[in-house]
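Visitor: So here's structure.pdb, just PDB, C-alpha atoms and all ligand atoms:
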```pdb
ATOM      1  CA  LEU A   1       0.000   0.000   0.000  1.00  0.00           C
ATOM      2  CA  SER A   2       1.287   3.445  -0.859  1.00  0.00           C
ATOM      3  CA  ASN A   3       0.876   6.306   1.573  1.00  0.00           C
ATOM      4  CA  ASP A   4      -1.772   7.787  -0.690  1.00  0.00           C
ATOM      5  CA  LEU A   5      -3.946   4.713  -0.414  1.00  0.00           C
ATOM      6  CA  ARG A   6      -3.528   4.559   3.317  1.00  0.00           C
ATOM      7  CA  ASN A   7      -4.483   8.196   3.735  1.00  0.00           C
ATOM      8  CA  LEU A   8      -7.538   7.661   1.582  1.00  0.00           C
ATOM      9  CA  SER A   9      -8.675   4.480   3.277  1.00  0.00           C
ATOM     10  CA  PHE A  10      -9.565   6.034   6.620  1.00  0.00           C
ATOM     11  CA  ARG A  11     -12.264   8.074   4.904  1.00  0.00           C
ATOM     12  CA  THR A  12     -13.565   5.150   2.905  1.00  0.00           C
ATOM     13  CA  PHE A  13     -15.857   2.420   4.194  1.00  0.00           C
ATOM     14  CA  ASP A  14     -14.605  -1.111   3.745  1.00  0.00           C
ATOM     15  CA  LYS A  15     -16.623  -4.002   2.356  1.00  0.00           C
ATOM     16  CA  LYS A  16     -17.734  -5.227   5.767  1.00  0.00           C
ATOM     17  CA  GLN A  17     -19.035  -1.801   6.794  1.00  0.00           C
ATOM     18  CA  LYS A  18     -20.868  -1.402   3.506  1.00  0.00           C
ATOM     19  CA  ARG A  19     -22.523  -4.786   3.875  1.00  0.00           C
ATOM     20  CA  GLU A  20     -23.520  -3.964   7.441  1.00  0.00           C
ATOM     21  CA  ALA A  21     -25.177  -0.713   6.350  1.00  0.00           C
ATOM     22  CA  TYR A  22     -26.778  -2.435   3.384  1.00  0.00           C
ATOM     23  CA  GLU A  23     -28.317  -5.122   5.565  1.00  0.00           C
ATOM     24  CA  ARG A  24     -29.473  -2.552   8.111  1.00  0.00           C
ATOM     25  CA  GLN A  25     -31.335  -0.747   5.286  1.00  0.00           C
ATOM     26  CA  LYS A  26     -32.465  -4.057   3.800  1.00  0.00           C
ATOM     27  CA  GLY A  27     -31.203  -2.878   0.435  1.00  0.00           C
ATOM     28  CA  ILE A  28     -33.412   0.191   0.359  1.00  0.00           C
ATOM     29  CA  CYS A  29     -31.910   3.488  -0.750  1.00  0.00           C
ATOM     30  CA  PRO A  30     -32.977   6.034   1.918  1.00  0.00           C
ATOM     31  CA  HIS A  31     -33.228   8.819  -0.665  1.00  0.00           C
ATOM     32  CA  CYS A  32     -35.460   7.313  -3.352  1.00  0.00           C
ATOM     33  CA  GLY A  33     -36.883   4.384  -1.351  1.00  0.00           C
ATOM     34  CA  LYS A  34     -36.119   1.822  -4.039  1.00  0.00           C
ATOM     35  CA  HIS A  35     -34.386  -1.504  -3.597  1.00  0.00           C
ATOM     36  CA  PHE A  36     -30.935  -2.096  -5.052  1.00  0.00           C
ATOM     37  CA  GLU A  37     -28.279  -4.767  -5.021  1.00  0.00           C
ATOM     38  CA  LEU A  38     -25.226  -4.044  -2.907  1.00  0.00           C
ATOM     39  CA  GLU A  39     -23.108  -3.750  -6.052  1.00  0.00           C
ATOM     40  CA  GLU A  40     -25.406  -1.015  -7.341  1.00  0.00           C
ATOM     41  CA  MET A  41     -24.967   1.177  -4.286  1.00  0.00           C
ATOM     42  CA  GLU A  42     -22.265   3.447  -2.946  1.00  0.00           C
ATOM     43  CA  ALA A  43     -21.318   4.145   0.650  1.00  0.00           C
ATOM     44  CA  ASP A  44     -21.997   7.586   2.048  1.00  0.00           C
ATOM     45  CA  HIS A  45     -21.215   9.241   5.370  1.00  0.00           C
ATOM     46  CA  ILE A  46     -24.482   9.988   7.212  1.00  0.00           C
ATOM     47  CA  LYS A  47     -22.734  12.776   9.069  1.00  0.00           C
ATOM     48  CA  PRO A  48     -20.339  14.327   6.585  1.00  0.00           C
ATOM     49  CA  TRP A  49     -16.665  13.891   7.191  1.00  0.00           C
ATOM     50  CA  HIS A  50     -16.065  17.653   7.228  1.00  0.00           C
ATOM     51  CA  GLU A  51     -18.633  17.972  10.031  1.00  0.00           C
ATOM     52  CA  GLY A  52     -16.788  15.524  12.201  1.00  0.00           C
ATOM     53  CA  GLY A  53     -18.474  12.342  10.993  1.00  0.00           C
ATOM     54  CA  THR A  54     -16.223   9.343  11.244  1.00  0.00           C
ATOM     55  CA  THR A  55     -15.781   6.351   8.996  1.00  0.00           C
ATOM     56  CA  ILE A  56     -17.496   3.749  11.157  1.00  0.00           C
ATOM     57  CA  ALA A  57     -20.309   1.398  10.203  1.00  0.00           C
ATOM     58  CA  GLU A  58     -22.819   3.375  12.303  1.00  0.00           C
ATOM     59  CA  ASN A  59     -22.133   6.468  10.210  1.00  0.00           C
ATOM     60  CA  CYS A  60     -22.439   4.617   6.919  1.00  0.00           C
ATOM     61  CA  GLN A  61     -25.455   4.600   4.649  1.00  0.00           C
ATOM     62  CA  MET A  62     -25.754   3.045   1.243  1.00  0.00           C
ATOM     63  CA  LEU A  63     -27.193   5.200  -1.536  1.00  0.00           C
ATOM     64  CA  CYS A  64     -27.942   4.111  -5.069  1.00  0.00           C
ATOM     65  CA  ARG A  65     -25.468   5.544  -7.532  1.00  0.00           C
ATOM     66  CA  ASN A  66     -27.972   7.993  -8.909  1.00  0.00           C
ATOM     67  CA  CYS A  67     -28.892   9.476  -5.514  1.00  0.00           C
ATOM     68  CA  ASN A  68     -25.269   9.593  -4.434  1.00  0.00           C
ATOM     69  CA  ARG A  69     -24.417  11.512  -7.584  1.00  0.00           C
ATOM     70  CA  VAL A  70     -27.328  13.941  -7.226  1.00  0.00           C
ATOM     71  CA  LYS A  71     -26.439  14.521  -3.595  1.00  0.00           C
ATOM     72  CA  GLY A  72     -22.802  15.198  -4.342  1.00  0.00           C
ATOM     73  CA  GLY A  73     -23.278  17.198  -7.509  1.00  0.00           C
ATOM     74  CA  LYS A  74     -23.780  20.935  -7.170  1.00  0.00           C
TER      75      LYS A  74
HETATM   76 ZN    ZN B   1     -31.661   6.196  -4.528  1.00  0.00          ZN
END
```
Hey, can you dump this file as structure tokens for me?
Guide:
Amino acid sequence: LSNDLRNLSFRTFDKKQKREAYERQKGICPHCGKHFELEEMEADHIKPWHEGGTTIAENCQMLCRNCNRVKGGK
């Protein structure tokens, strides 16, 4: 692992955390209310990182790609 990857990884949810959030939501995207497969979703910080949210499973939600893009795009 390069330093870059290590620095990045503490802000990124790992597979286990994503699956935990996915199962907690039962595969439902909280934004559009539709069901998706895990592979079709992206992890998002419930409390944004810049507001002090940490990269733990409890702060992870899975959004479908479309919602995650809409949310992030300004
Ligand atoms: Zn969605």
Visitor: Residues within 10 Å of ligand ZN 1 (chain B) (all atoms listed in the file), as an mmCIF file with C-alpha atoms, in the frame of the given file?
Guide:
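The result, stored in selection_22.cif:
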```cif
data_model
loop_
_atom_site.group_PDB
_atom_site.id
_atom_site.type_symbol
_atom_site.label_atom_id
_atom_site.label_comp_id
_atom_site.auth_asym_id
_atom_site.auth_seq_id
_atom_site.Cartn_x
_atom_site.Cartn_y
_atom_site.Cartn_z
ATOM 1 C CA ILE A 28 -33.412 0.191 0.359
ATOM 2 C CA CYS A 29 -31.910 3.488 -0.750
ATOM 3 C CA PRO A 30 -32.977 6.034 1.918
ATOM 4 C CA HIS A 31 -33.228 8.819 -0.665
ATOM 5 C CA CYS A 32 -35.460 7.313 -3.352
ATOM 6 C CA GLY A 33 -36.883 4.384 -1.351
ATOM 7 C CA LYS A 34 -36.119 1.822 -4.039
ATOM 8 C CA HIS A 35 -34.386 -1.504 -3.597
ATOM 9 C CA PHE A 36 -30.935 -2.096 -5.052
ATOM 10 C CA GLU A 40 -25.406 -1.015 -7.341
ATOM 11 C CA MET A 41 -24.967 1.177 -4.286
ATOM 12 C CA GLU A 42 -22.265 3.447 -2.946
ATOM 13 C CA MET A 62 -25.754 3.045 1.243
ATOM 14 C CA LEU A 63 -27.193 5.200 -1.536
ATOM 15 C CA CYS A 64 -27.942 4.111 -5.069
ATOM 16 C CA ARG A 65 -25.468 5.544 -7.532
ATOM 17 C CA ASN A 66 -27.972 7.993 -8.909
ATOM 18 C CA CYS A 67 -28.892 9.476 -5.514
ATOM 19 C CA ASN A 68 -25.269 9.593 -4.434
ATOM 20 C CA ARG A 69 -24.417 11.512 -7.584
ATOM 21 C CA VAL A 70 -27.328 13.941 -7.226
ATOM 22 C CA LYS A 71 -26.439 14.521 -3.595
#
```
Visitor: Kindly indicate which residue among A:Gln25, A:Arg11, A:Leu38, A:Gln17 lies nearest to His50 in chain A, using all atoms listed in the file for the distances.
Guide: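 Distance minimum relative to His50 in chain A lands on A:Arg11.
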Visitor: Report as a ChimeraX atom specification the residues that result from applying the PyMOL selection byres (((chain A and resi 61) around 8) and not hetatm) to the structure here.
Guide: /A:18,21-22,25,43-46,59-60,62-63
Visitor: How many Å lie between CA of Ile56 in chain A and CA of Phe13 in chain A, rounded to one decimal?
Guide: 7.3 Å
Visitor: Just how far from CA of Glu23 in chain A is CA of Gly52 in chain A, in Å to one decimal?
Guide: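 That distance, rounded to one decimal, is 24.6 Å.
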Visitor: Separation of CA of Glu51 in chain A and CA of Glu39 in chain A, in Å?
Guide: 27.4 Å
